[in-house]
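S.K.: Input file: data23.cif. Contents: mmCIF, C-alpha atoms.
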```cif
data_run
loop_
_atom_site.label_atom_id
_atom_site.label_comp_id
_atom_site.auth_asym_id
_atom_site.auth_seq_id
_atom_site.Cartn_x
_atom_site.Cartn_y
_atom_site.Cartn_z
CA MET A 1 50.90 11.40 -9.72
CA GLU A 2 53.32 10.72 -12.58
CA LEU A 3 51.93 11.38 -16.03
CA PRO A 4 52.80 8.88 -18.77
CA LEU A 5 54.74 10.29 -21.67
CA LEU A 6 55.00 9.00 -25.19
CA SER A 7 58.30 7.36 -25.76
CA THR A 8 61.19 9.55 -26.79
CA GLN A 9 61.40 7.46 -29.92
CA ASP A 10 58.15 9.06 -31.02
CA GLY A 11 59.70 12.45 -30.48
CA MET A 12 56.55 13.79 -28.79
CA PRO A 13 56.89 13.57 -24.97
CA VAL A 14 55.03 16.87 -24.46
CA LEU A 15 52.08 15.73 -26.52
CA GLY A 16 51.91 12.57 -24.40
CA ALA A 17 51.75 14.62 -21.22
CA ILE A 18 48.99 16.82 -22.62
CA LEU A 19 46.93 13.82 -23.68
CA ALA A 20 47.35 12.24 -20.27
CA ILE A 21 46.16 15.41 -18.55
CA LEU A 22 43.11 15.68 -20.78
CA ILE A 23 42.20 12.03 -20.15
CA THR A 24 42.58 12.48 -16.39
CA VAL A 25 40.39 15.59 -16.35
CA ALA A 26 37.76 13.90 -18.51
CA LEU A 27 37.60 10.95 -16.13
CA MET A 28 37.27 13.21 -13.10
CA MET A 29 34.55 15.55 -14.44
CA PRO A 30 31.55 13.17 -14.25
CA ARG A 31 32.52 12.18 -10.72
CA ARG A 32 32.71 15.80 -9.61
CA LYS A 33 29.35 16.61 -11.17
CA ALA A 34 27.72 13.62 -9.50
CA ASN A 35 29.05 14.70 -6.11
CA ARG A 36 27.70 18.23 -6.65
CA ASP A 37 24.29 17.00 -7.76
CA THR A 38 23.89 14.60 -4.85
CA GLU A 39 25.15 16.91 -2.11
CA PRO A 40 22.23 17.11 0.37
CA ASP A 41 20.86 20.52 1.30
CA GLU A 42 20.08 21.59 4.85
CA GLY A 43 16.54 20.26 4.60
CA ALA A 44 17.72 16.80 3.57
CA LYS A 45 20.18 16.65 6.48
CA ILE A 46 17.50 17.66 8.99
CA LYS A 47 15.01 15.24 7.47
CA ALA A 48 17.50 12.41 7.90
CA THR A 49 17.90 13.42 11.55
CA ILE A 50 14.13 13.38 12.05
CA LYS A 51 13.98 9.78 10.82
CA GLY A 52 16.88 8.80 13.07
CA ASN A 53 17.23 8.56 16.83
CA LYS A 54 15.91 11.85 18.20
CA SER A 55 17.58 11.22 21.56
CA GLN A 56 20.98 11.57 19.88
CA VAL A 57 20.28 15.04 18.48
CA PRO A 58 22.23 17.61 20.53
CA TRP A 59 20.14 20.24 22.26
CA PRO A 60 20.72 23.84 21.14
CA THR A 61 22.06 26.21 23.75
CA PRO A 62 19.76 28.86 25.25
CA HIS A 63 21.70 31.49 23.28
CA GLN A 64 21.09 29.59 20.03
CA VAL A 65 17.36 29.26 20.74
CA LEU A 66 16.92 32.93 21.63
CA GLY A 67 19.10 33.95 18.69
CA LEU A 68 16.94 32.01 16.23
CA ILE A 69 13.75 33.50 17.67
CA GLN A 70 15.17 37.03 17.47
CA GLN A 71 16.34 36.52 13.88
CA ARG A 72 12.97 35.33 12.59
CA ARG A 73 11.54 37.82 10.11
CA SER A 74 8.53 38.13 7.85
CA ILE A 75 10.25 38.31 4.46
CA PHE A 76 7.94 39.68 1.77
CA PRO A 77 7.71 38.34 -1.80
CA LYS A 78 9.07 41.55 -3.34
CA ASP A 79 12.47 40.45 -2.01
CA TYR A 80 12.28 36.82 -3.16
CA ASP A 81 14.54 35.77 -6.03
CA GLY A 82 12.07 33.40 -7.73
CA SER A 83 13.82 30.16 -6.78
CA ALA A 84 12.26 27.47 -4.60
CA PRO A 85 13.40 25.67 -1.45
CA SER A 86 13.78 21.92 -1.75
CA SER A 87 10.91 19.59 -0.94
CA ASP A 88 12.99 18.37 2.01
CA CYS A 89 12.99 21.91 3.43
CA ILE A 90 9.20 22.10 3.10
CA ASP A 91 8.87 18.71 4.80
CA CYS A 92 11.05 19.89 7.70
CA MET A 93 8.96 23.03 8.12
CA LEU A 94 5.79 20.96 8.29
CA GLU A 95 7.37 18.48 10.71
CA ALA A 96 8.29 21.38 13.00
CA ALA A 97 4.72 22.68 12.80
CA ASN A 98 3.41 19.29 13.83
CA TRP A 99 5.11 19.56 17.22
CA ALA A 100 3.11 22.55 18.42
CA PRO A 101 1.43 22.37 21.84
CA THR A 102 -2.15 21.14 21.72
CA HIS A 103 -4.71 20.91 24.52
CA GLY A 104 -6.17 17.41 24.67
CA LYS A 105 -3.93 16.36 21.78
CA THR A 106 -6.57 17.51 19.30
CA GLU A 107 -3.86 18.68 16.84
CA PRO A 108 -6.23 20.98 14.92
CA TRP A 109 -3.67 22.29 12.42
CA ARG A 110 -3.96 21.29 8.80
CA PHE A 111 -1.85 22.51 5.88
CA VAL A 112 -2.47 22.55 2.15
CA VAL A 113 0.79 23.04 0.25
CA MET A 114 0.28 24.61 -3.17
CA SER A 115 2.80 25.16 -5.95
CA GLY A 116 2.75 25.22 -9.74
CA ALA A 117 -0.67 24.53 -11.23
CA GLY A 118 -2.25 24.02 -7.81
CA LYS A 119 -1.12 27.45 -6.68
CA GLU A 120 -2.40 29.02 -9.91
CA GLU A 121 -5.80 27.35 -9.53
CA PHE A 122 -6.15 28.61 -5.96
CA GLU A 123 -5.16 32.15 -6.92
CA GLU A 124 -7.62 32.15 -9.81
CA MET A 125 -10.37 30.97 -7.47
CA CYS A 126 -9.53 33.79 -5.04
CA HIS A 127 -9.67 36.31 -7.87
CA ASN A 128 -13.05 35.09 -9.13
CA THR A 129 -14.47 35.10 -5.61
CA ILE A 130 -13.41 38.71 -5.04
CA LYS A 131 -14.78 39.69 -8.46
CA GLU A 132 -18.13 38.11 -7.68
CA THR A 133 -18.27 39.57 -4.15
CA LEU A 134 -17.33 43.15 -5.03
CA GLY A 135 -19.01 43.33 -8.43
CA GLU A 136 -17.06 43.77 -11.64
CA ASP A 137 -18.19 47.38 -12.13
CA SER A 138 -17.65 48.52 -8.56
CA GLU A 139 -15.04 51.04 -7.50
CA LYS A 140 -13.72 48.63 -4.87
CA TYR A 141 -13.11 45.98 -7.52
CA GLN A 142 -11.19 48.44 -9.70
CA LYS A 143 -8.98 49.38 -6.75
CA TYR A 144 -8.45 45.68 -6.08
CA LEU A 145 -7.33 45.18 -9.71
CA GLU A 146 -4.86 48.05 -9.45
CA LYS A 147 -3.39 46.63 -6.25
CA LYS A 148 -3.27 43.13 -7.76
CA GLN A 149 -1.38 44.40 -10.80
CA LYS A 150 1.19 46.19 -8.64
CA LYS A 151 1.87 43.02 -6.68
CA ALA A 152 1.84 40.61 -9.64
CA ALA A 153 5.62 40.53 -10.15
CA ALA A 154 6.24 39.94 -6.44
CA LYS A 155 3.61 37.21 -6.16
CA ALA A 156 5.16 35.39 -9.11
CA LYS A 157 8.31 34.90 -7.02
CA VAL A 158 6.44 32.86 -4.39
CA SER A 159 7.28 29.19 -4.92
CA HIS A 160 4.78 27.75 -2.44
CA LEU A 161 1.59 28.89 -0.79
CA ILE A 162 0.72 26.96 2.35
CA ALA A 163 -2.88 27.37 3.49
CA ILE A 164 -3.00 27.47 7.29
CA CYS A 165 -6.12 25.57 8.23
CA MET A 166 -7.89 24.72 11.46
CA LYS A 167 -10.19 21.77 12.02
CA ARG A 168 -12.79 22.85 14.56
CA GLN A 169 -13.21 19.37 16.01
CA THR A 170 -10.79 16.52 15.39
CA LYS A 171 -12.09 14.19 18.10
CA PRO A 172 -15.78 13.31 18.37
CA ASP A 173 -15.62 13.36 22.18
CA LYS A 174 -13.52 16.50 22.54
CA LEU A 175 -14.56 20.06 21.66
CA ASN A 176 -12.12 22.68 22.88
CA PRO A 177 -12.92 26.40 22.92
CA GLU A 178 -12.22 27.80 19.46
CA TRP A 179 -9.56 30.19 20.75
CA GLU A 180 -7.54 27.25 22.07
CA GLU A 181 -7.51 25.60 18.66
CA MET A 182 -6.58 28.86 16.95
CA ALA A 183 -3.78 29.33 19.47
CA ALA A 184 -2.49 25.82 18.75
CA CYS A 185 -2.46 26.55 15.01
CA SER A 186 -0.61 29.81 15.65
CA CYS A 187 2.03 27.94 17.63
CA ALA A 188 2.34 25.51 14.71
CA VAL A 189 2.95 28.41 12.32
CA GLN A 190 5.60 29.88 14.65
CA ASN A 191 7.37 26.51 14.67
CA MET A 192 7.20 26.37 10.88
CA HIS A 193 8.52 29.91 10.57
CA LEU A 194 11.42 29.26 12.93
CA MET A 195 12.42 26.15 11.00
CA ALA A 196 12.26 28.12 7.75
CA THR A 197 14.51 30.77 9.28
CA SER A 198 17.04 28.17 10.39
CA MET A 199 17.31 26.83 6.82
CA GLY A 200 17.48 30.21 5.09
CA VAL A 201 13.97 29.94 3.63
CA ALA A 202 12.06 33.22 3.24
CA SER A 203 8.45 33.24 4.40
CA TYR A 204 5.62 35.25 5.91
CA TRP A 205 2.05 34.71 7.13
CA SER A 206 -0.66 36.76 5.41
CA THR A 207 -4.32 36.89 6.37
CA GLY A 208 -5.85 38.76 3.42
CA GLY A 209 -8.23 37.45 0.80
CA PRO A 210 -11.62 35.75 0.74
CA LEU A 211 -10.53 32.94 3.06
CA GLU A 212 -14.01 32.42 4.49
CA SER A 213 -15.58 31.78 1.10
CA PRO A 214 -17.40 28.40 0.99
CA ASN A 215 -15.80 27.62 -2.38
CA LEU A 216 -12.30 28.20 -1.07
CA LEU A 217 -12.95 26.29 2.15
CA ASN A 218 -14.24 23.36 0.13
CA PHE A 219 -11.18 23.55 -2.16
CA LEU A 220 -8.97 23.31 0.94
CA GLY A 221 -10.89 20.35 2.35
CA LEU A 222 -12.46 22.37 5.16
CA THR A 223 -15.95 20.96 4.83
CA GLU A 224 -17.15 20.63 8.43
CA GLU A 225 -18.87 23.29 10.52
CA GLY A 226 -16.40 25.61 12.22
CA ASP A 227 -13.43 24.68 10.04
CA ARG A 228 -11.43 27.76 9.13
CA CYS A 229 -8.57 28.98 6.99
CA LEU A 230 -6.40 31.26 9.13
CA GLY A 231 -4.22 32.62 6.36
CA LEU A 232 -1.58 31.80 3.78
CA PHE A 233 2.09 31.13 4.44
CA HIS A 234 4.14 32.51 1.55
CA VAL A 235 7.37 30.64 0.88
CA GLY A 236 10.34 31.32 -1.37
CA MET A 237 14.04 32.07 -1.35
CA ALA A 238 15.68 35.47 -0.94
CA PRO A 239 19.25 36.76 -1.24
CA LYS A 240 21.05 36.85 2.09
CA GLU A 241 21.68 40.58 1.84
CA LYS A 242 17.95 41.24 1.36
CA VAL A 243 17.07 39.20 4.44
CA GLN A 244 19.74 40.89 6.56
CA ALA A 245 18.32 44.28 5.58
CA TYR A 246 15.12 43.50 7.52
CA ARG A 247 15.23 45.08 10.95
CA ALA A 248 13.05 44.42 13.97
CA THR A 249 12.72 45.84 17.45
CA ARG A 250 10.65 45.03 20.51
CA GLY A 251 9.78 47.20 23.46
CA PRO A 252 11.33 46.25 26.82
CA ILE A 253 9.82 43.08 28.28
CA ASP A 254 9.83 44.73 31.72
CA LYS A 255 6.94 46.95 30.62
CA LYS A 256 4.87 43.90 29.67
CA VAL A 257 5.31 41.74 32.75
CA THR A 258 3.84 41.96 36.23
CA TRP A 259 5.53 39.90 38.94
CA LEU A 260 3.49 38.74 41.95
CA SER A 261 5.27 37.10 44.83
#
```
Show the structure stored in the file as structure tokens.

M.R.:
Amino acid sequence: MELPLLSTQDGMPVLGAILAILITVALMMPRRKANRDTEPDEGAKIKATIKGNKSQVPWPTPHQVLGLIQQRRSIFPKDYDGSAPSSDCIDCMLEAANWAPTHGKTEPWRFVVMSGAGKEEFEEMCHNTIKETLGEDSEKYQKYLEKKQKKAAAKAKVSHLIAICMKRQTKPDKLNPEWEEMAACSCAVQNMHLMATSMGVASYWSTGGPLESPNLLNFLGLTEEGDRCLGLFHVGMAPKEKVQAYRATRGPIDKKVTWLS
């Protein structure tokens, strides 16, 4: 591109070139910023695919599927960086969970996604329940407080808590054995965890806390007999090097399989 110069009669051709460059850069800066701000993240791209024609989505290869499964890790909050995945990423994780296998199509999984004030309210309710259950002056409660204090900094890095819930009976004419519904919810969590892994979202499933407390169950909308909270899915973001530092092994599958033919 040729830059306009001030006429030689003005005696300032260099100044004209400098002004032209500054004007050009100024005009380009807003456009560059807009492109950066509107660039979709991985969650947004996947979400757009979900809304589109699923038959046109290419199938992953067996190596890709096994690779993703083998790379899934429980990443603990101590290694989170305090940032949050996009809402599109959370939506994709939940969409993946929704495609778990389910006997009789009862789809017993339910999720309560908590962040910000909602997360704080839930955590405060958990604390008060433990305090009331153990007794403020008890030794167990004091040990709980010490443990809570040690984990406070790590817990603050969790952007979302997802309560993993199970509806005992979703169809009035269908009551599956409880273990089948729990298994379906577990499959849903595995789907969610795999999707999180694929998008670089750190997460892990915890089962601690007073999750059978009537107050907490009511808070989570689990108001019918047999409804349960199966744990909390911690979500956040972690530096790549922290995630890669997690190692996992499995014993040989041959020792866990019996073939009958």

S.K.: Work out how far apart atom CA of Trp179 of chain A and atom CA of Gln70 of chain A are and give it in Å to one decimal.

M.R.: 25.9 Å

S.K.: Decode the PyMOL selection byres ((chain A and resi 223) around 12) for the given file into explicit residues and return them as a PyMOL selection string.

M.R.: chain A and resi 165-169+212-222+224-229

S.K.: Could you tell me, as a PyMOL selection string, exactly which residues end up selected when the PyMOL selection byres ((chain A and resi 101-115) around 8) is applied to this structure?

M.R.: chain A and resi 98-100+116-120+159-171+174+176+180-181+184-185+187-188+220

S.K.: What separation in Å, quoted to one decimal, exists between atom CA of Lys140 of chain A and atom CA of Cys126 of chain A?

M.R.: 15.4 Å

S.K.: Which polymer residues have any atom within 8 Å of an atom of segment 192-197 of chain A, counting all atoms listed in the file, with same-chain residues fewer than 4 positions away left out, as a ChimeraX atom specification?

M.R.: /A:68-69,71-73,89,92-97,188,201-204

S.K.: Work out how far apart atom CA of Gly251 of chain A and atom CA of Pro239 of chain A are and give it in Å to one decimal.

M.R.: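 Spanning atom CA of Gly251 of chain A to atom CA of Pro239 of chain A is a straight-line distance of 28.4 Å.
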
S.K.: Suppose a student applies the PyMOL selection byres ((chain A and resi 80) around 12) to this structure; what residues should they get, written as a PyMOL selection string?

M.R.: chain A and resi 74-79+81-85+153-160+200-204+234-243

S.K.: Output the selection as a tab-separated table (two decimals), in the frame of the given file - C-alpha atoms for each residue.

M.R.:
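Listing of selection_11.tsv after writing:
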```tsv
chain	number	residue	atom	x	y	z
A	74	SER	CA	8.53	38.13	7.85
A	75	ILE	CA	10.25	38.31	4.46
A	76	PHE	CA	7.94	39.68	1.77
A	77	PRO	CA	7.71	38.34	-1.80
A	78	LYS	CA	9.07	41.55	-3.34
A	79	ASP	CA	12.47	40.45	-2.01
A	81	ASP	CA	14.54	35.77	-6.03
A	82	GLY	CA	12.07	33.40	-7.73
A	83	SER	CA	13.82	30.16	-6.78
A	84	ALA	CA	12.26	27.47	-4.60
A	85	PRO	CA	13.40	25.67	-1.45
A	153	ALA	CA	5.62	40.53	-10.15
A	154	ALA	CA	6.24	39.94	-6.44
A	155	LYS	CA	3.61	37.21	-6.16
A	156	ALA	CA	5.16	35.39	-9.11
A	157	LYS	CA	8.31	34.90	-7.02
A	158	VAL	CA	6.44	32.86	-4.39
A	159	SER	CA	7.28	29.19	-4.92
A	160	HIS	CA	4.78	27.75	-2.44
A	200	GLY	CA	17.48	30.21	5.09
A	201	VAL	CA	13.97	29.94	3.63
A	202	ALA	CA	12.06	33.22	3.24
A	203	SER	CA	8.45	33.24	4.40
A	204	TYR	CA	5.62	35.25	5.91
A	234	HIS	CA	4.14	32.51	1.55
A	235	VAL	CA	7.37	30.64	0.88
A	236	GLY	CA	10.34	31.32	-1.37
A	237	MET	CA	14.04	32.07	-1.35
A	238	ALA	CA	15.68	35.47	-0.94
A	239	PRO	CA	19.25	36.76	-1.24
A	240	LYS	CA	21.05	36.85	2.09
A	241	GLU	CA	21.68	40.58	1.84
A	242	LYS	CA	17.95	41.24	1.36
A	243	VAL	CA	17.07	39.20	4.44
```

S.K.: Generate the coordinates of all heavy atoms for segment 103-114 of chain A; report them as a PDB file, in the frame of the given file.

M.R.:
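Saved as part_27.pdb:
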```pdb
ATOM      1  N   HIS A 103      -3.901  21.325  23.380  1.00  0.00           N
ATOM      2  CA  HIS A 103      -4.710  20.910  24.520  1.00  0.00           C
ATOM      3  C   HIS A 103      -5.531  19.668  24.146  1.00  0.00           C
ATOM      4  O   HIS A 103      -6.255  19.670  23.152  1.00  0.00           O
ATOM      5  CB  HIS A 103      -5.644  22.050  24.937  1.00  0.00           C
ATOM      6  CG  HIS A 103      -6.491  21.712  26.121  1.00  0.00           C
ATOM      7  ND1 HIS A 103      -7.643  22.405  26.436  1.00  0.00           N
ATOM      8  CD2 HIS A 103      -6.368  20.753  27.083  1.00  0.00           C
ATOM      9  CE1 HIS A 103      -8.196  21.895  27.517  1.00  0.00           C
ATOM     10  NE2 HIS A 103      -7.443  20.887  27.927  1.00  0.00           N
ATOM     11  N   GLY A 104      -5.404  18.629  24.939  1.00  0.00           N
ATOM     12  CA  GLY A 104      -6.170  17.410  24.670  1.00  0.00           C
ATOM     13  C   GLY A 104      -5.675  16.642  23.464  1.00  0.00           C
ATOM     14  O   GLY A 104      -6.364  15.737  22.987  1.00  0.00           O
ATOM     15  N   LYS A 105      -4.505  17.022  22.963  1.00  0.00           N
ATOM     16  CA  LYS A 105      -3.930  16.360  21.780  1.00  0.00           C
ATOM     17  C   LYS A 105      -4.912  16.334  20.598  1.00  0.00           C
ATOM     18  O   LYS A 105      -5.013  15.353  19.863  1.00  0.00           O
ATOM     19  CB  LYS A 105      -3.466  14.946  22.118  1.00  0.00           C
ATOM     20  CG  LYS A 105      -2.308  14.911  23.121  1.00  0.00           C
ATOM     21  CD  LYS A 105      -1.853  13.489  23.381  1.00  0.00           C
ATOM     22  CE  LYS A 105      -0.577  13.480  24.243  1.00  0.00           C
ATOM     23  NZ  LYS A 105      -0.784  14.083  25.577  1.00  0.00           N
ATOM     24  N   THR A 106      -5.624  17.444  20.427  1.00  0.00           N
ATOM     25  CA  THR A 106      -6.570  17.510  19.300  1.00  0.00           C
ATOM     26  C   THR A 106      -5.848  17.778  17.973  1.00  0.00           C
ATOM     27  O   THR A 106      -6.370  17.462  16.904  1.00  0.00           O
ATOM     28  CB  THR A 106      -7.610  18.610  19.526  1.00  0.00           C
ATOM     29  OG1 THR A 106      -6.943  19.865  19.736  1.00  0.00           O
ATOM     30  CG2 THR A 106      -8.485  18.288  20.740  1.00  0.00           C
ATOM     31  N   GLU A 107      -4.662  18.400  18.034  1.00  0.00           N
ATOM     32  CA  GLU A 107      -3.860  18.680  16.840  1.00  0.00           C
ATOM     33  C   GLU A 107      -4.714  19.241  15.694  1.00  0.00           C
ATOM     34  O   GLU A 107      -4.862  18.636  14.637  1.00  0.00           O
ATOM     35  CB  GLU A 107      -3.138  17.405  16.371  1.00  0.00           C
ATOM     36  CG  GLU A 107      -2.235  16.798  17.440  1.00  0.00           C
ATOM     37  CD  GLU A 107      -1.565  15.507  17.002  1.00  0.00           C
ATOM     38  OE1 GLU A 107      -1.228  15.387  15.807  1.00  0.00           O
ATOM     39  OE2 GLU A 107      -1.394  14.603  17.858  1.00  0.00           O
ATOM     40  N   PRO A 108      -5.264  20.433  15.877  1.00  0.00           N
ATOM     41  CA  PRO A 108      -6.230  20.980  14.920  1.00  0.00           C
ATOM     42  C   PRO A 108      -5.624  21.529  13.638  1.00  0.00           C
ATOM     43  O   PRO A 108      -6.343  21.848  12.702  1.00  0.00           O
ATOM     44  CB  PRO A 108      -6.897  22.098  15.715  1.00  0.00           C
ATOM     45  CG  PRO A 108      -5.805  22.588  16.633  1.00  0.00           C
ATOM     46  CD  PRO A 108      -5.055  21.334  17.029  1.00  0.00           C
ATOM     47  N   TRP A 109      -4.301  21.674  13.591  1.00  0.00           N
ATOM     48  CA  TRP A 109      -3.670  22.290  12.420  1.00  0.00           C
ATOM     49  C   TRP A 109      -3.729  21.369  11.204  1.00  0.00           C
ATOM     50  O   TRP A 109      -3.567  20.160  11.281  1.00  0.00           O
ATOM     51  CB  TRP A 109      -2.219  22.666  12.732  1.00  0.00           C
ATOM     52  CG  TRP A 109      -1.440  21.547  13.366  1.00  0.00           C
ATOM     53  CD1 TRP A 109      -0.832  20.494  12.754  1.00  0.00           C
ATOM     54  CD2 TRP A 109      -1.209  21.367  14.770  1.00  0.00           C
ATOM     55  NE1 TRP A 109      -0.231  19.673  13.670  1.00  0.00           N
ATOM     56  CE2 TRP A 109      -0.440  20.183  14.919  1.00  0.00           C
ATOM     57  CE3 TRP A 109      -1.559  22.105  15.909  1.00  0.00           C
ATOM     58  CZ2 TRP A 109      -0.028  19.720  16.163  1.00  0.00           C
ATOM     59  CZ3 TRP A 109      -1.144  21.623  17.144  1.00  0.00           C
ATOM     60  CH2 TRP A 109      -0.394  20.447  17.261  1.00  0.00           C
ATOM     61  N   ARG A 110      -3.997  21.984  10.090  1.00  0.00           N
ATOM     62  CA  ARG A 110      -3.960  21.290   8.800  1.00  0.00           C
ATOM     63  C   ARG A 110      -3.286  22.238   7.806  1.00  0.00           C
ATOM     64  O   ARG A 110      -3.430  23.457   7.906  1.00  0.00           O
ATOM     65  CB  ARG A 110      -5.366  20.934   8.288  1.00  0.00           C
ATOM     66  CG  ARG A 110      -6.142  19.959   9.176  1.00  0.00           C
ATOM     67  CD  ARG A 110      -5.519  18.568   9.178  1.00  0.00           C
ATOM     68  NE  ARG A 110      -6.340  17.614   9.929  1.00  0.00           N
ATOM     69  CZ  ARG A 110      -6.237  17.399  11.243  1.00  0.00           C
ATOM     70  NH1 ARG A 110      -5.356  18.104  11.960  1.00  0.00           N
ATOM     71  NH2 ARG A 110      -7.005  16.512  11.836  1.00  0.00           N
ATOM     72  N   PHE A 111      -2.559  21.685   6.858  1.00  0.00           N
ATOM     73  CA  PHE A 111      -1.850  22.510   5.880  1.00  0.00           C
ATOM     74  C   PHE A 111      -2.093  21.987   4.473  1.00  0.00           C
ATOM     75  O   PHE A 111      -2.070  20.781   4.238  1.00  0.00           O
ATOM     76  CB  PHE A 111      -0.343  22.529   6.171  1.00  0.00           C
ATOM     77  CG  PHE A 111       0.002  23.055   7.540  1.00  0.00           C
ATOM     78  CD1 PHE A 111       0.303  22.181   8.575  1.00  0.00           C
ATOM     79  CD2 PHE A 111      -0.005  24.416   7.786  1.00  0.00           C
ATOM     80  CE1 PHE A 111       0.604  22.661   9.839  1.00  0.00           C
ATOM     81  CE2 PHE A 111       0.288  24.913   9.056  1.00  0.00           C
ATOM     82  CZ  PHE A 111       0.592  24.033  10.084  1.00  0.00           C
ATOM     83  N   VAL A 112      -2.337  22.905   3.562  1.00  0.00           N
ATOM     84  CA  VAL A 112      -2.470  22.550   2.150  1.00  0.00           C
ATOM     85  C   VAL A 112      -1.332  23.270   1.422  1.00  0.00           C
ATOM     86  O   VAL A 112      -1.302  24.503   1.365  1.00  0.00           O
ATOM     87  CB  VAL A 112      -3.831  22.994   1.575  1.00  0.00           C
ATOM     88  CG1 VAL A 112      -3.924  22.610   0.094  1.00  0.00           C
ATOM     89  CG2 VAL A 112      -4.974  22.350   2.364  1.00  0.00           C
ATOM     90  N   VAL A 113      -0.398  22.491   0.899  1.00  0.00           N
ATOM     91  CA  VAL A 113       0.790  23.040   0.250  1.00  0.00           C
ATOM     92  C   VAL A 113       0.544  23.151  -1.244  1.00  0.00           C
ATOM     93  O   VAL A 113       0.301  22.142  -1.908  1.00  0.00           O
ATOM     94  CB  VAL A 113       2.027  22.165   0.525  1.00  0.00           C
ATOM     95  CG1 VAL A 113       3.282  22.797  -0.079  1.00  0.00           C
ATOM     96  CG2 VAL A 113       2.206  21.947   2.023  1.00  0.00           C
ATOM     97  N   MET A 114       0.602  24.367  -1.759  1.00  0.00           N
ATOM     98  CA  MET A 114       0.280  24.610  -3.170  1.00  0.00           C
ATOM     99  C   MET A 114       1.476  25.189  -3.906  1.00  0.00           C
ATOM    100  O   MET A 114       2.125  26.120  -3.429  1.00  0.00           O
ATOM    101  CB  MET A 114      -0.920  25.572  -3.270  1.00  0.00           C
ATOM    102  CG  MET A 114      -2.195  25.014  -2.677  1.00  0.00           C
ATOM    103  SD  MET A 114      -3.523  26.252  -2.563  1.00  0.00           S
ATOM    104  CE  MET A 114      -3.014  27.182  -1.102  1.00  0.00           C
TER     105      MET A 114
END
```
